[in-house]
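Source file: my_file_17.cif. Holds: mmCIF, C-alpha atoms.
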```cif
data_coords
#
loop_
_atom_site.label_atom_id
_atom_site.label_comp_id
_atom_site.auth_asym_id
_atom_site.auth_seq_id
_atom_site.Cartn_x
_atom_site.Cartn_y
_atom_site.Cartn_z
CA MET A 1 88.81 -14.18 38.26
CA ASP A 2 90.49 -14.17 41.61
CA LEU A 3 91.97 -17.58 40.81
CA ILE A 4 93.65 -16.22 37.68
CA LYS A 5 95.28 -13.37 39.57
CA ARG A 6 96.44 -15.74 42.27
CA TYR A 7 97.87 -18.10 39.67
CA ILE A 8 99.75 -15.33 37.88
CA TYR A 9 101.08 -14.02 41.16
CA ALA A 10 102.21 -17.52 42.16
CA VAL A 11 104.20 -17.79 38.93
CA THR A 12 105.65 -14.31 38.72
CA HIS A 13 106.64 -13.54 42.28
CA LYS A 14 109.49 -16.04 41.97
CA LEU A 15 110.82 -14.45 38.79
CA PRO A 16 113.35 -11.64 38.45
CA GLU A 17 111.70 -8.26 38.98
CA LYS A 18 112.63 -7.00 35.52
CA GLN A 19 110.65 -9.70 33.73
CA ARG A 20 107.71 -9.78 36.11
CA ALA A 21 105.39 -7.15 34.61
CA ASP A 22 105.94 -8.46 31.09
CA ILE A 23 105.28 -12.08 31.96
CA GLU A 24 102.28 -11.06 34.05
CA GLN A 25 100.67 -9.36 31.08
CA GLU A 26 101.59 -12.20 28.76
CA LEU A 27 100.10 -14.85 31.04
CA HIS A 28 96.97 -12.81 31.48
CA GLY A 29 96.51 -12.63 27.75
CA LEU A 30 97.20 -16.34 27.38
CA ILE A 31 94.69 -17.39 30.03
CA GLU A 32 92.01 -15.16 28.52
CA ASP A 33 92.71 -16.60 25.08
CA MET A 34 92.48 -20.13 26.42
CA LEU A 35 89.20 -19.34 28.20
CA GLU A 36 87.76 -17.76 25.08
CA HIS A 37 88.77 -20.79 23.08
CA ARG A 38 86.89 -23.00 25.53
CA THR A 39 83.71 -20.99 25.89
CA GLY A 40 83.62 -19.67 22.36
CA GLY A 41 83.22 -16.15 23.74
CA GLY A 42 80.43 -17.05 26.18
CA ALA A 43 80.29 -16.57 29.92
CA VAL A 44 83.21 -17.98 31.87
CA THR A 45 82.59 -20.17 34.89
CA GLU A 46 84.88 -21.00 37.78
CA LYS A 47 85.06 -24.57 36.53
CA GLU A 48 86.50 -23.53 33.18
CA VAL A 49 89.05 -21.30 34.84
CA GLU A 50 90.18 -24.25 36.92
CA GLU A 51 90.46 -26.45 33.84
CA VAL A 52 92.58 -23.89 32.05
CA LEU A 53 94.90 -23.45 35.02
CA LEU A 54 95.25 -27.22 35.35
CA GLU A 55 96.19 -27.37 31.70
CA LEU A 56 98.91 -24.77 32.27
CA GLY A 57 100.40 -26.84 35.07
CA SER A 58 101.57 -25.95 38.55
CA PRO A 59 102.86 -22.39 39.02
CA GLN A 60 106.06 -23.82 40.47
CA GLU A 61 106.82 -25.71 37.25
CA MET A 62 105.79 -22.76 35.14
CA ALA A 63 108.11 -20.44 37.03
CA GLU A 64 110.96 -22.93 36.63
CA LYS A 65 110.38 -23.03 32.89
CA TYR A 66 110.54 -19.25 32.76
CA LEU A 67 113.70 -19.23 34.85
CA GLY A 68 115.18 -21.86 32.58
CA GLN A 69 116.84 -23.56 35.53
CA ARG A 70 116.22 -24.78 38.99
CA ARG A 71 117.11 -22.39 41.75
CA TYR A 72 119.63 -23.28 44.40
CA LEU A 73 120.91 -21.64 47.52
CA ILE A 74 124.15 -23.45 46.81
CA GLY A 75 124.11 -25.32 43.52
CA PRO A 76 125.72 -28.63 42.64
CA LYS A 77 128.76 -26.92 41.13
CA LEU A 78 129.75 -25.26 44.39
CA PHE A 79 128.39 -27.82 46.80
CA ASP A 80 131.48 -30.03 47.19
CA LEU A 81 133.69 -27.07 48.00
CA TYR A 82 131.05 -25.64 50.31
CA TRP A 83 130.66 -28.89 52.22
CA MET A 84 134.39 -29.20 52.77
CA VAL A 85 134.73 -25.62 54.04
CA VAL A 86 131.72 -26.00 56.35
CA ARG A 87 133.16 -29.11 57.92
CA ILE A 88 136.56 -27.53 58.52
CA VAL A 89 135.12 -24.33 59.97
CA VAL A 90 132.56 -25.95 62.26
CA PHE A 91 134.98 -28.60 63.44
CA SER A 92 137.66 -25.99 64.22
CA ILE A 93 135.24 -23.84 66.18
CA VAL A 94 133.94 -26.75 68.22
CA LEU A 95 137.44 -28.04 68.89
CA ALA A 96 138.87 -24.64 69.81
CA LEU A 97 136.02 -23.65 72.11
CA GLY A 98 135.78 -27.18 73.54
CA ILE A 99 139.44 -27.24 74.50
CA GLY A 100 139.15 -23.67 75.79
CA LEU A 101 136.24 -24.76 77.95
CA ILE A 102 138.19 -27.69 79.38
CA ILE A 103 141.15 -25.46 80.20
CA GLU A 104 138.87 -22.92 81.81
CA LEU A 105 137.24 -25.64 83.89
CA PHE A 106 140.62 -26.91 84.93
CA LEU A 107 141.72 -23.42 85.95
CA GLU A 108 138.52 -22.43 87.74
CA PRO A 109 136.95 -25.69 88.87
CA VAL A 110 134.63 -23.88 91.29
CA GLN A 111 132.54 -22.23 88.61
CA GLY A 112 130.15 -25.16 88.44
CA GLY A 113 127.17 -26.22 86.37
CA GLN A 114 125.87 -22.84 85.34
CA PHE A 115 129.19 -22.07 83.71
CA ILE A 116 129.27 -25.38 81.83
CA ILE A 117 125.75 -24.88 80.50
CA GLU A 118 126.55 -21.35 79.38
CA SER A 119 129.76 -22.44 77.71
CA ILE A 120 128.08 -25.26 75.85
CA ALA A 121 125.35 -22.88 74.74
CA SER A 122 127.92 -20.42 73.44
CA LEU A 123 129.83 -23.26 71.76
CA ILE A 124 126.69 -24.34 69.92
CA SER A 125 125.88 -20.76 68.98
CA ALA A 126 129.42 -20.19 67.68
CA ALA A 127 129.24 -23.38 65.59
CA VAL A 128 125.89 -22.31 64.16
CA GLN A 129 127.33 -18.88 63.38
CA GLY A 130 130.31 -20.39 61.61
CA PHE A 131 127.98 -22.57 59.58
CA ALA A 132 125.73 -19.60 58.79
CA TRP A 133 128.56 -17.34 57.65
CA VAL A 134 130.08 -19.93 55.36
CA THR A 135 126.63 -20.58 53.94
CA VAL A 136 126.01 -16.87 53.40
CA VAL A 137 129.31 -16.44 51.58
CA PHE A 138 128.60 -19.41 49.31
CA ALA A 139 124.99 -18.36 48.74
CA VAL A 140 126.23 -14.96 47.58
CA MET A 141 128.73 -16.69 45.29
CA GLU A 142 125.90 -18.83 43.88
CA TYR A 143 123.68 -15.79 43.42
CA ARG A 144 126.41 -13.86 41.64
CA GLY A 145 126.97 -16.88 39.41
CA VAL A 146 130.50 -17.61 40.57
CA LYS A 147 131.63 -20.97 39.26
CA ALA A 148 134.34 -23.12 40.76
CA PRO A 149 136.75 -22.39 37.85
CA ASP A 150 136.42 -18.63 38.47
CA ILE A 151 138.10 -18.98 41.83
CA GLY A 152 140.87 -21.16 40.52
CA LEU A 153 139.27 -24.53 41.19
CA GLY A 154 138.34 -26.94 38.46
CA ALA A 155 139.22 -26.69 34.78
CA LYS A 156 139.04 -23.21 33.31
CA ASN A 157 140.25 -23.74 29.79
CA GLU A 158 139.19 -26.31 27.31
CA TRP A 159 140.08 -29.73 28.53
CA ARG A 160 142.99 -31.56 26.90
CA PRO A 161 144.01 -35.16 27.50
CA SER A 162 147.59 -34.07 28.12
CA GLN A 163 146.36 -32.15 31.16
CA LEU A 164 145.11 -35.31 32.82
CA ALA A 165 146.62 -35.53 36.26
CA PRO A 166 148.90 -38.53 36.68
CA ILE A 167 147.52 -41.36 38.75
CA PRO A 168 148.51 -40.28 42.23
CA ASN A 169 151.70 -41.86 43.41
CA PRO A 170 150.95 -43.05 46.94
CA LYS A 171 154.30 -41.60 47.97
CA THR A 172 153.43 -38.06 46.90
CA THR A 173 149.77 -38.07 47.86
CA ILE A 174 148.86 -35.56 50.52
CA LYS A 175 146.32 -37.10 52.84
CA ARG A 176 143.39 -34.76 53.32
CA SER A 177 143.72 -35.14 57.06
CA GLU A 178 147.15 -33.51 57.06
CA PRO A 179 146.29 -30.02 55.76
CA ILE A 180 142.95 -30.09 57.58
CA ALA A 181 144.71 -30.84 60.87
CA SER A 182 147.20 -28.08 60.12
CA ILE A 183 144.43 -25.56 59.40
CA ILE A 184 142.75 -26.49 62.66
CA VAL A 185 145.97 -26.12 64.63
CA ASN A 186 146.55 -22.73 63.00
CA LEU A 187 143.06 -21.58 63.90
CA LEU A 188 143.58 -22.80 67.47
CA VAL A 189 146.86 -20.93 67.74
CA ILE A 190 145.24 -17.73 66.48
CA LEU A 191 142.34 -18.09 68.89
CA TRP A 192 144.54 -18.80 71.87
CA LEU A 193 147.19 -16.22 71.11
CA THR A 194 144.60 -13.55 70.63
CA SER A 195 142.35 -14.37 73.53
CA SER A 196 144.49 -16.01 76.15
CA ILE A 197 148.24 -15.62 75.74
CA HIS A 198 148.38 -15.23 79.54
CA TYR A 199 147.40 -18.89 79.90
CA PHE A 200 150.76 -19.92 78.46
CA GLY A 201 152.66 -20.49 81.62
CA ILE A 202 152.96 -22.46 84.77
CA ILE A 203 149.62 -22.84 86.45
CA TYR A 204 149.17 -23.59 90.13
CA PHE A 205 146.61 -23.24 92.87
CA ASN A 206 147.49 -21.05 95.84
CA GLU A 207 146.41 -21.68 99.43
CA ASP A 208 143.12 -19.83 98.95
CA GLY A 209 142.18 -22.25 96.17
CA GLY A 210 142.59 -19.55 93.52
CA THR A 211 144.49 -20.10 90.32
CA VAL A 212 147.73 -18.29 89.67
CA ILE A 213 149.54 -18.30 86.36
CA ILE A 214 153.19 -17.52 85.90
CA PRO A 215 153.20 -16.54 82.23
CA PHE A 216 156.08 -17.46 79.95
CA PHE A 217 155.64 -14.36 77.86
CA ASN A 218 155.43 -10.65 78.45
CA GLU A 219 151.95 -10.09 77.11
CA ALA A 220 152.33 -6.40 76.22
CA VAL A 221 155.50 -6.96 74.18
CA PHE A 222 154.14 -10.11 72.62
CA ARG A 223 151.03 -8.30 71.42
CA ALA A 224 153.16 -6.01 69.25
CA TYR A 225 154.08 -9.09 67.21
CA TYR A 226 150.49 -10.16 66.60
CA PRO A 227 150.19 -8.69 63.08
CA LEU A 228 153.30 -10.60 62.04
CA ILE A 229 151.91 -13.82 63.50
CA TRP A 230 148.52 -13.31 61.86
CA VAL A 231 150.05 -12.80 58.44
CA THR A 232 152.18 -15.91 58.89
CA ILE A 233 149.19 -17.99 59.94
CA ALA A 234 147.09 -16.62 57.08
CA ILE A 235 149.79 -17.69 54.62
CA SER A 236 149.98 -21.06 56.31
CA ILE A 237 146.23 -21.57 55.95
CA LEU A 238 146.48 -20.55 52.30
CA LYS A 239 149.25 -23.12 51.84
CA ASP A 240 147.14 -25.82 53.47
CA SER A 241 144.16 -24.93 51.30
CA ILE A 242 146.31 -25.34 48.19
CA LYS A 243 147.54 -28.68 49.50
CA LEU A 244 143.96 -29.73 50.11
CA VAL A 245 142.92 -28.87 46.58
CA ALA A 246 146.06 -30.17 44.85
CA GLY A 247 146.02 -33.42 46.80
CA ARG A 248 149.62 -34.29 45.98
CA TRP A 249 153.10 -32.83 46.23
CA THR A 250 154.29 -31.00 43.16
CA THR A 251 157.62 -29.27 42.74
CA LYS A 252 155.99 -25.85 42.97
CA LEU A 253 154.00 -26.76 46.04
CA ALA A 254 157.05 -28.21 47.73
CA ALA A 255 159.02 -25.06 46.89
CA PHE A 256 156.27 -22.94 48.43
CA HIS A 257 156.24 -25.19 51.48
CA LEU A 258 160.02 -24.98 51.96
CA LEU A 259 160.00 -21.23 51.45
CA PHE A 260 157.26 -20.95 54.03
CA ASN A 261 159.23 -23.09 56.49
CA LEU A 262 162.21 -20.80 56.03
CA ALA A 263 160.10 -17.69 56.47
CA SER A 264 158.44 -19.03 59.60
CA VAL A 265 161.82 -19.78 61.17
CA VAL A 266 162.94 -16.23 60.41
CA ILE A 267 159.76 -14.83 61.90
CA ALA A 268 160.06 -17.06 64.96
CA ALA A 269 163.63 -15.81 65.32
CA ILE A 270 162.51 -12.19 65.16
CA ILE A 271 159.93 -12.81 67.87
CA PHE A 272 161.61 -15.23 70.24
CA MET A 273 165.13 -13.83 70.04
CA ASP A 274 163.73 -10.54 71.28
CA PRO A 275 164.49 -10.89 75.00
CA ALA A 276 161.60 -8.57 75.84
CA VAL A 277 158.93 -11.08 74.78
CA TRP A 278 159.90 -13.42 77.58
CA ASN A 279 158.52 -12.69 81.03
CA ALA A 280 161.47 -11.04 82.82
CA GLU A 281 159.83 -11.70 86.17
CA PHE A 282 159.36 -15.42 85.55
CA LEU A 283 162.00 -16.63 88.00
CA SER A 284 161.10 -14.19 90.75
CA GLU A 285 157.41 -15.07 90.33
CA LEU A 286 158.37 -18.73 90.55
CA LEU A 287 160.10 -17.99 93.84
CA ALA A 288 157.11 -16.04 95.09
CA SER A 289 154.85 -18.99 94.33
CA GLY A 290 156.71 -21.03 96.95
CA MET A 291 157.11 -23.97 94.57
CA VAL A 292 160.88 -23.59 94.85
CA SER A 293 162.96 -21.74 97.43
CA ALA A 294 165.88 -19.47 96.63
CA GLY A 295 169.24 -21.24 96.46
CA SER A 296 167.66 -24.70 96.44
CA GLU A 297 168.60 -27.28 93.85
CA GLY A 298 165.13 -27.08 92.38
CA TYR A 299 165.50 -23.37 91.78
CA GLU A 300 168.89 -23.87 90.16
CA THR A 301 167.44 -26.44 87.77
CA ALA A 302 164.45 -24.27 87.01
CA SER A 303 166.56 -21.24 86.25
CA ILE A 304 168.92 -23.23 84.02
CA ILE A 305 165.97 -24.65 82.10
CA TRP A 306 164.32 -21.24 81.87
CA ASN A 307 167.42 -19.44 80.66
CA ASN A 308 168.20 -22.16 78.16
CA THR A 309 164.68 -22.28 76.86
CA ALA A 310 164.57 -18.55 76.28
CA ASP A 311 167.89 -18.66 74.48
CA ASN A 312 167.41 -21.86 72.55
CA PHE A 313 163.70 -21.81 71.77
CA ILE A 314 164.45 -20.64 68.27
CA TYR A 315 166.69 -23.66 67.65
CA ILE A 316 163.85 -25.98 68.58
CA VAL A 317 161.65 -24.22 66.04
CA ALA A 318 164.42 -24.43 63.45
CA VAL A 319 164.98 -28.16 64.03
CA ILE A 320 161.28 -28.89 63.63
CA ALA A 321 161.20 -26.88 60.40
CA ILE A 322 164.29 -28.66 59.09
CA ILE A 323 162.86 -32.11 59.85
CA ASP A 324 159.63 -31.19 58.13
CA SER A 325 161.50 -29.80 55.11
CA ILE A 326 163.63 -32.93 54.81
CA ALA A 327 160.50 -35.08 54.89
CA VAL A 328 158.99 -33.09 52.03
CA ILE A 329 162.17 -33.20 49.95
CA TYR A 330 162.43 -36.94 50.59
CA LYS A 331 158.88 -37.44 49.34
CA LEU A 332 159.63 -35.52 46.15
CA PHE A 333 162.78 -37.55 45.50
CA GLN A 334 160.92 -40.78 46.13
CA ALA A 335 158.41 -39.73 43.49
CA ARG A 336 161.16 -39.00 40.95
CA LYS A 337 162.52 -42.52 41.14
CA MET B 1 103.50 -54.25 28.36
CA SER B 2 102.65 -50.95 29.92
CA SER B 3 106.32 -50.37 30.68
CA VAL B 4 107.07 -50.43 26.94
CA ASN B 5 104.51 -47.72 26.40
CA GLU B 6 105.81 -45.70 29.30
CA THR B 7 109.37 -45.94 28.06
CA ILE B 8 108.32 -45.00 24.55
CA SER B 9 106.38 -41.99 25.75
CA GLY B 10 109.40 -40.81 27.74
CA LEU B 11 111.70 -41.23 24.74
CA MET B 12 109.21 -39.55 22.44
CA GLN B 13 109.12 -36.59 24.75
CA GLU B 14 112.89 -36.24 24.42
CA LEU B 15 112.69 -36.54 20.62
CA ARG B 16 109.89 -34.01 20.44
CA ARG B 17 111.70 -31.46 22.56
CA GLY B 18 114.22 -30.72 19.82
CA THR B 19 111.68 -30.66 17.02
CA ILE B 20 109.45 -28.13 18.76
CA ILE B 21 112.03 -25.41 18.28
CA ILE B 22 112.13 -26.06 14.54
CA GLY B 23 108.34 -26.00 14.49
CA VAL B 24 108.21 -22.69 16.32
CA LEU B 25 110.87 -21.04 14.17
CA SER B 26 109.19 -22.28 10.97
CA GLN B 27 105.97 -20.39 11.76
CA LEU B 28 107.48 -17.06 12.73
CA SER B 29 108.35 -15.46 9.43
CA GLU B 30 105.01 -13.77 10.11
CA PRO B 31 104.49 -12.23 13.52
CA GLN B 32 102.43 -14.41 15.84
CA TYR B 33 101.44 -14.24 19.46
CA GLY B 34 101.79 -17.25 21.71
CA TYR B 35 98.32 -18.66 21.64
CA SER B 36 97.86 -18.23 17.87
CA LEU B 37 101.10 -20.16 17.46
CA VAL B 38 99.72 -22.98 19.63
CA ALA B 39 96.68 -23.17 17.36
CA ILE B 40 98.71 -23.09 14.14
CA LEU B 41 101.11 -25.80 15.30
CA GLU B 42 98.22 -27.89 16.61
CA ALA B 43 96.52 -27.71 13.20
CA LYS B 44 99.77 -28.93 11.61
CA GLY B 45 99.99 -31.89 13.95
CA ILE B 46 102.57 -30.55 16.39
CA SER B 47 101.03 -30.24 19.83
CA ILE B 48 102.67 -28.09 22.43
CA ASP B 49 101.48 -26.90 25.85
CA PRO B 50 101.13 -23.16 26.14
CA GLY B 51 102.94 -23.58 29.48
CA THR B 52 105.95 -24.84 27.54
CA LEU B 53 105.68 -22.57 24.53
CA TYR B 54 105.58 -19.23 26.36
CA PRO B 55 108.80 -19.68 28.29
CA LEU B 56 110.37 -21.17 25.13
CA LEU B 57 109.51 -18.07 23.10
CA ARG B 58 111.11 -15.92 25.75
CA ARG B 59 114.23 -18.07 25.73
CA LEU B 60 114.51 -17.91 21.94
CA GLU B 61 114.15 -14.14 22.15
CA LYS B 62 116.95 -14.00 24.71
CA GLN B 63 119.09 -16.00 22.28
CA GLU B 64 118.26 -13.30 19.72
CA LEU B 65 116.54 -15.72 17.37
CA LEU B 66 113.25 -13.86 17.80
CA GLU B 67 112.15 -10.26 18.13
CA SER B 68 109.06 -9.27 20.03
CA LYS B 69 106.63 -6.39 20.11
CA TRP B 70 103.61 -5.68 22.25
CA ASP B 71 100.46 -4.88 20.30
CA THR B 72 98.24 -2.81 22.54
CA ASN B 73 95.77 -1.69 19.86
CA GLU B 74 93.47 -4.62 20.34
CA ALA B 75 91.19 -5.14 23.30
CA ARG B 76 93.67 -7.62 24.72
CA PRO B 77 97.34 -6.59 24.62
CA ARG B 78 99.41 -9.32 23.02
CA LYS B 79 103.06 -9.92 22.58
CA TYR B 80 103.95 -10.74 19.00
CA TYR B 81 107.08 -12.68 18.11
CA LEU B 82 108.89 -12.57 14.79
CA LEU B 83 111.98 -14.28 13.44
CA SER B 84 115.01 -11.97 13.56
CA PRO B 85 117.46 -11.89 10.61
CA PHE B 86 119.82 -13.91 12.76
CA GLY B 87 117.00 -16.32 13.62
CA LYS B 88 116.16 -16.72 9.95
CA GLU B 89 119.72 -17.69 9.17
CA VAL B 90 119.83 -20.12 12.08
CA TYR B 91 116.51 -21.62 11.04
CA GLU B 92 117.64 -22.26 7.47
CA GLN B 93 120.82 -23.86 8.68
CA LEU B 94 118.87 -25.91 11.18
CA CYS B 95 116.61 -27.25 8.44
CA LEU B 96 119.62 -28.50 6.50
CA GLU B 97 120.97 -30.19 9.61
CA TRP B 98 117.57 -31.74 10.23
CA ARG B 99 117.35 -33.18 6.72
CA SER B 100 120.79 -34.72 6.90
CA MET B 101 119.98 -36.14 10.33
CA ILE B 102 116.77 -37.69 9.02
CA SER B 103 118.50 -39.30 6.08
CA SER B 104 121.22 -40.73 8.35
CA VAL B 105 118.69 -42.10 10.78
CA GLU B 106 116.57 -43.53 8.00
CA SER B 107 119.49 -45.26 6.36
CA ILE B 108 120.45 -46.74 9.72
CA ILE B 109 116.92 -48.02 10.26
CA ASP B 110 116.77 -49.44 6.74
CA GLN B 111 120.03 -51.30 7.12
CA ALA B 112 118.99 -52.87 10.39
#
```
How does the structure come out when it is put into structure tokens?
Amino acid sequence: MDLIKRYIYAVTHKLPEKQRADIEQELHGLIEDMLEHRTGGGAVTEKEVEEVLLELGSPQEMAEKYLGQRRYLIGPKLFDLYWMVVRIVVFSIVLALGIGLIIELFLEPVQGGQFIIESIASLISAAVQGFAWVTVVFAVMEYRGVKAPDIGLGAKNEWRPSQLAPIPNPKTTIKRSEPIASIIVNLLVILWLTSSIHYFGIIYFNEDGGTVIIPFFNEAVFRAYYPLIWVTIAISILKDSIKLVAGRWTTKLAAFHLLFNLASVVIAAIIFMDPAVWNAEFLSELLASGMVSAGSEGYETASIIWNNTADNFIYIVAVIAIIDSIAVIYKLFQARK
Amino acid sequence: MSSVNETISGLMQELRRGTIIIGVLSQLSEPQYGYSLVAILEAKGISIDPGTLYPLLRRLEKQELLESKWDTNEARPRKYYLLSPFGKEVYEQLCLEWRSMISSVESIIDQA
């Protein structure tokens, strides 16, 4: 009778707890009925038990029939979305840490093999973590029965032919690579700003072979602007995600994009027009480095460039935003023709 | 020729799948437990694995076509299933649909 118990356990332990006891009892009754039918009420042998269990089929199949569906960690309905997110996340992590590693090596070349091995190990572990977290989030979504339409992807209402998306006009199509690249750049910026803003600067090696950095920014002041930058980048990633899903420029999307460009110029203005974010000691540190000497032509040039950059940085940002906005508007107008 | 037989047995399985539900519903105006239902259907020429029938009964109960009750008075506790009022209505409707389907299919076969 051990076999029967093992069979019932094999079926029921995969089923939801609530149904388990009931199904257990039911199966027990069924198997006993089947045995009785076979033996006509006589003694039951091991052989007959085996025959009955074979007739019932494998416990795996039986459990699936009770569940009414196959079980997935991440089912076919969510898989496409999952796969895309996994690729973006893992690729961003590897790229960000990889570039970070190269910069670090460039700055501290003396650290040697041990450092490289450790960095590669931590890179792999970070990539695995990224993969694991995305998987966990999607597995929870699968478990809770979230379907793609519930999170705004795929068709929610009844389908109507009039809703068919137009055949994509090659002029308005958004290549997948574009938003993905943008998301990656955003993630890189966040990582670098948060972890190593002090690396933004002029880097040189002093006589002792050590690395000295003359930062462009005043780190303490800059840090106060982090929340603003994070929100901006979060919105930017949201915008890229929408572009990725939509796959083509629509009027609404373009409006969102232009609005975002405007907002990011305003935010850049708030940050970079604040004289305190720039490193006030930059020129004197440059002098102290010995790269240029006071009163020399080189110093004059450097100070002109420095002062102009600090003052005009915002215009550079604005020009880039304007060019990008014009390109988007141009695409929309092309599509209207 | 074995592939013809194989194909037919696959197709028959699909055809049978839908009819089994009608068979099950038809026998449950009186309460029955799973294995007695297997025997009754078998005697009427509809064979069904207990391994298929038991989960099916549970599914039909979840769809509120059947009601169930454990009978623990006998030596062996058994779960009895009975057609619910809703199930009865569905069954009657289903029979009408079945008849009209049969007549359509038959007329198609006859014309061919």
Inset, instruction - Can you work out the spacing between CA of Thr45 (chain A) and CA of Glu74 (chain B) in Å, to one decimal? - result: 23.9 Å
Inset, instruction - Name the residues captured by the PyMOL selection byres ((chain A) within 9 of (chain B)) when it is applied to the shown file; answer as a PyMOL selection string. - result: chain A and resi 25-27+29-30+32-34+55-57+61-63+65-68
Deliver the residues from the most recent selection as a file, using C-alpha atoms, as a short mmCIF file (atom, residue, chain, number, x, y, z; two decimals), in the coordinates of the input.
```
data_model
loop_
_atom_site.label_atom_id
_atom_site.label_comp_id
_atom_site.auth_asym_id
_atom_site.auth_seq_id
_atom_site.Cartn_x
_atom_site.Cartn_y
_atom_site.Cartn_z
CA GLN A 25 100.67 -9.36 31.08
CA GLU A 26 101.59 -12.20 28.76
CA LEU A 27 100.10 -14.85 31.04
CA GLY A 29 96.51 -12.63 27.75
CA LEU A 30 97.20 -16.34 27.38
CA GLU A 32 92.01 -15.16 28.52
CA ASP A 33 92.71 -16.60 25.08
CA MET A 34 92.48 -20.13 26.42
CA GLU A 55 96.19 -27.37 31.70
CA LEU A 56 98.91 -24.77 32.27
CA GLY A 57 100.40 -26.84 35.07
CA GLU A 61 106.82 -25.71 37.25
CA MET A 62 105.79 -22.76 35.14
CA ALA A 63 108.11 -20.44 37.03
CA LYS A 65 110.38 -23.03 32.89
CA TYR A 66 110.54 -19.25 32.76
CA LEU A 67 113.70 -19.23 34.85
CA GLY A 68 115.18 -21.86 32.58
#
```
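You will find CA of Gly145 (chain A) at 22.7 Å from CA of Gly130 (chain A).
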Inset, instruction - Could you give me, as a PyMOL selection string, the residues within 8 Å of region 175-190 of chain A, counting only C-alpha atoms and dropping anything in the same chain fewer than 5 positions from it? - result: chain A and resi 88+92+96+230+233+236-237+240-241+243-244+247
Inset, instruction - Identify which of the residues A:Phe217, A:Phe256, A:Phe138, A:Trp159 lies closest to Trp306 (chain A), counting all atoms listed in the file when measuring atom-to-atom distances. - result: A:Phe217
Inset, instruction - Give me the result of the PyMOL selection byres ((chain B and resi 25) around 9) on this file, residue by residue, as a PyMOL selection string. - result: chain B and resi 20-24+26-29+65-66+82-83+87-88+91
Inset, instruction - Name the residues that the PyMOL selection byres ((chain A and resi 118-129) around 7) picks from the file above, as a PyMOL selection string, using the file's chain letters and numbers. - result: chain A and resi 90+93-94+97+101+114-117+130-133
Inset, instruction - Can you work out which one of B:Ala43, B:Val38, B:Leu15, B:Val90 has the shortest atom-to-atom distance to Gln63 (chain B), counting all atoms listed in the file? - result: B:Val90
Exercise on region 92-105 of chain A, axis-aligned box with 3 Å per side, report centre and edge lengths in Å to one decimal, as JSON:
```
{"center_x": 137.5, "center_y": -25.5, "center_z": 74.1, "size_x": 13.2, "size_y": 11.1, "size_z": 25.7}
```
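Here CA of Phe282 (chain A) and CA of Ala310 (chain A) stand 11.1 Å from one another.
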Inset, instruction - For region 327-336 of chain A, list every protein, DNA or RNA residue within 9 Å, evaluated using all atoms listed in the file, and leave out those in the same chain fewer than 6 positions away; present the list as a ChimeraX atom specification. - result: /A:169-172,249-251,254,257-258
Inset, instruction - Give as number ranges by chain the set of residues within 12 Å of the point (147.6, -33.3, 36.0), where distances use the file's coordinates and all atoms listed in the file. - result: A: 154-155, 159-168, 246-250
Inset, instruction - Skip Leu35 (chain A) itself and residues of its chain fewer than 5 positions away, then list as a list in words all residues within 10 Å of it, counting only C-alpha atoms. - result: Gly29, Leu30, Gly40, Gly41, Gly42, Ala43, Val44, Thr45, Glu48, Val49, Glu51, Val52 and Leu53 of chain A
Inset, instruction - With all atoms listed in the file counted, which protein, DNA or RNA residues have an atom no more than 10 Å from (123.5, -17.8, 39.6) in the file frame? Please answer as a PyMOL selection string. - result: chain A and resi 69+71-75+139-147
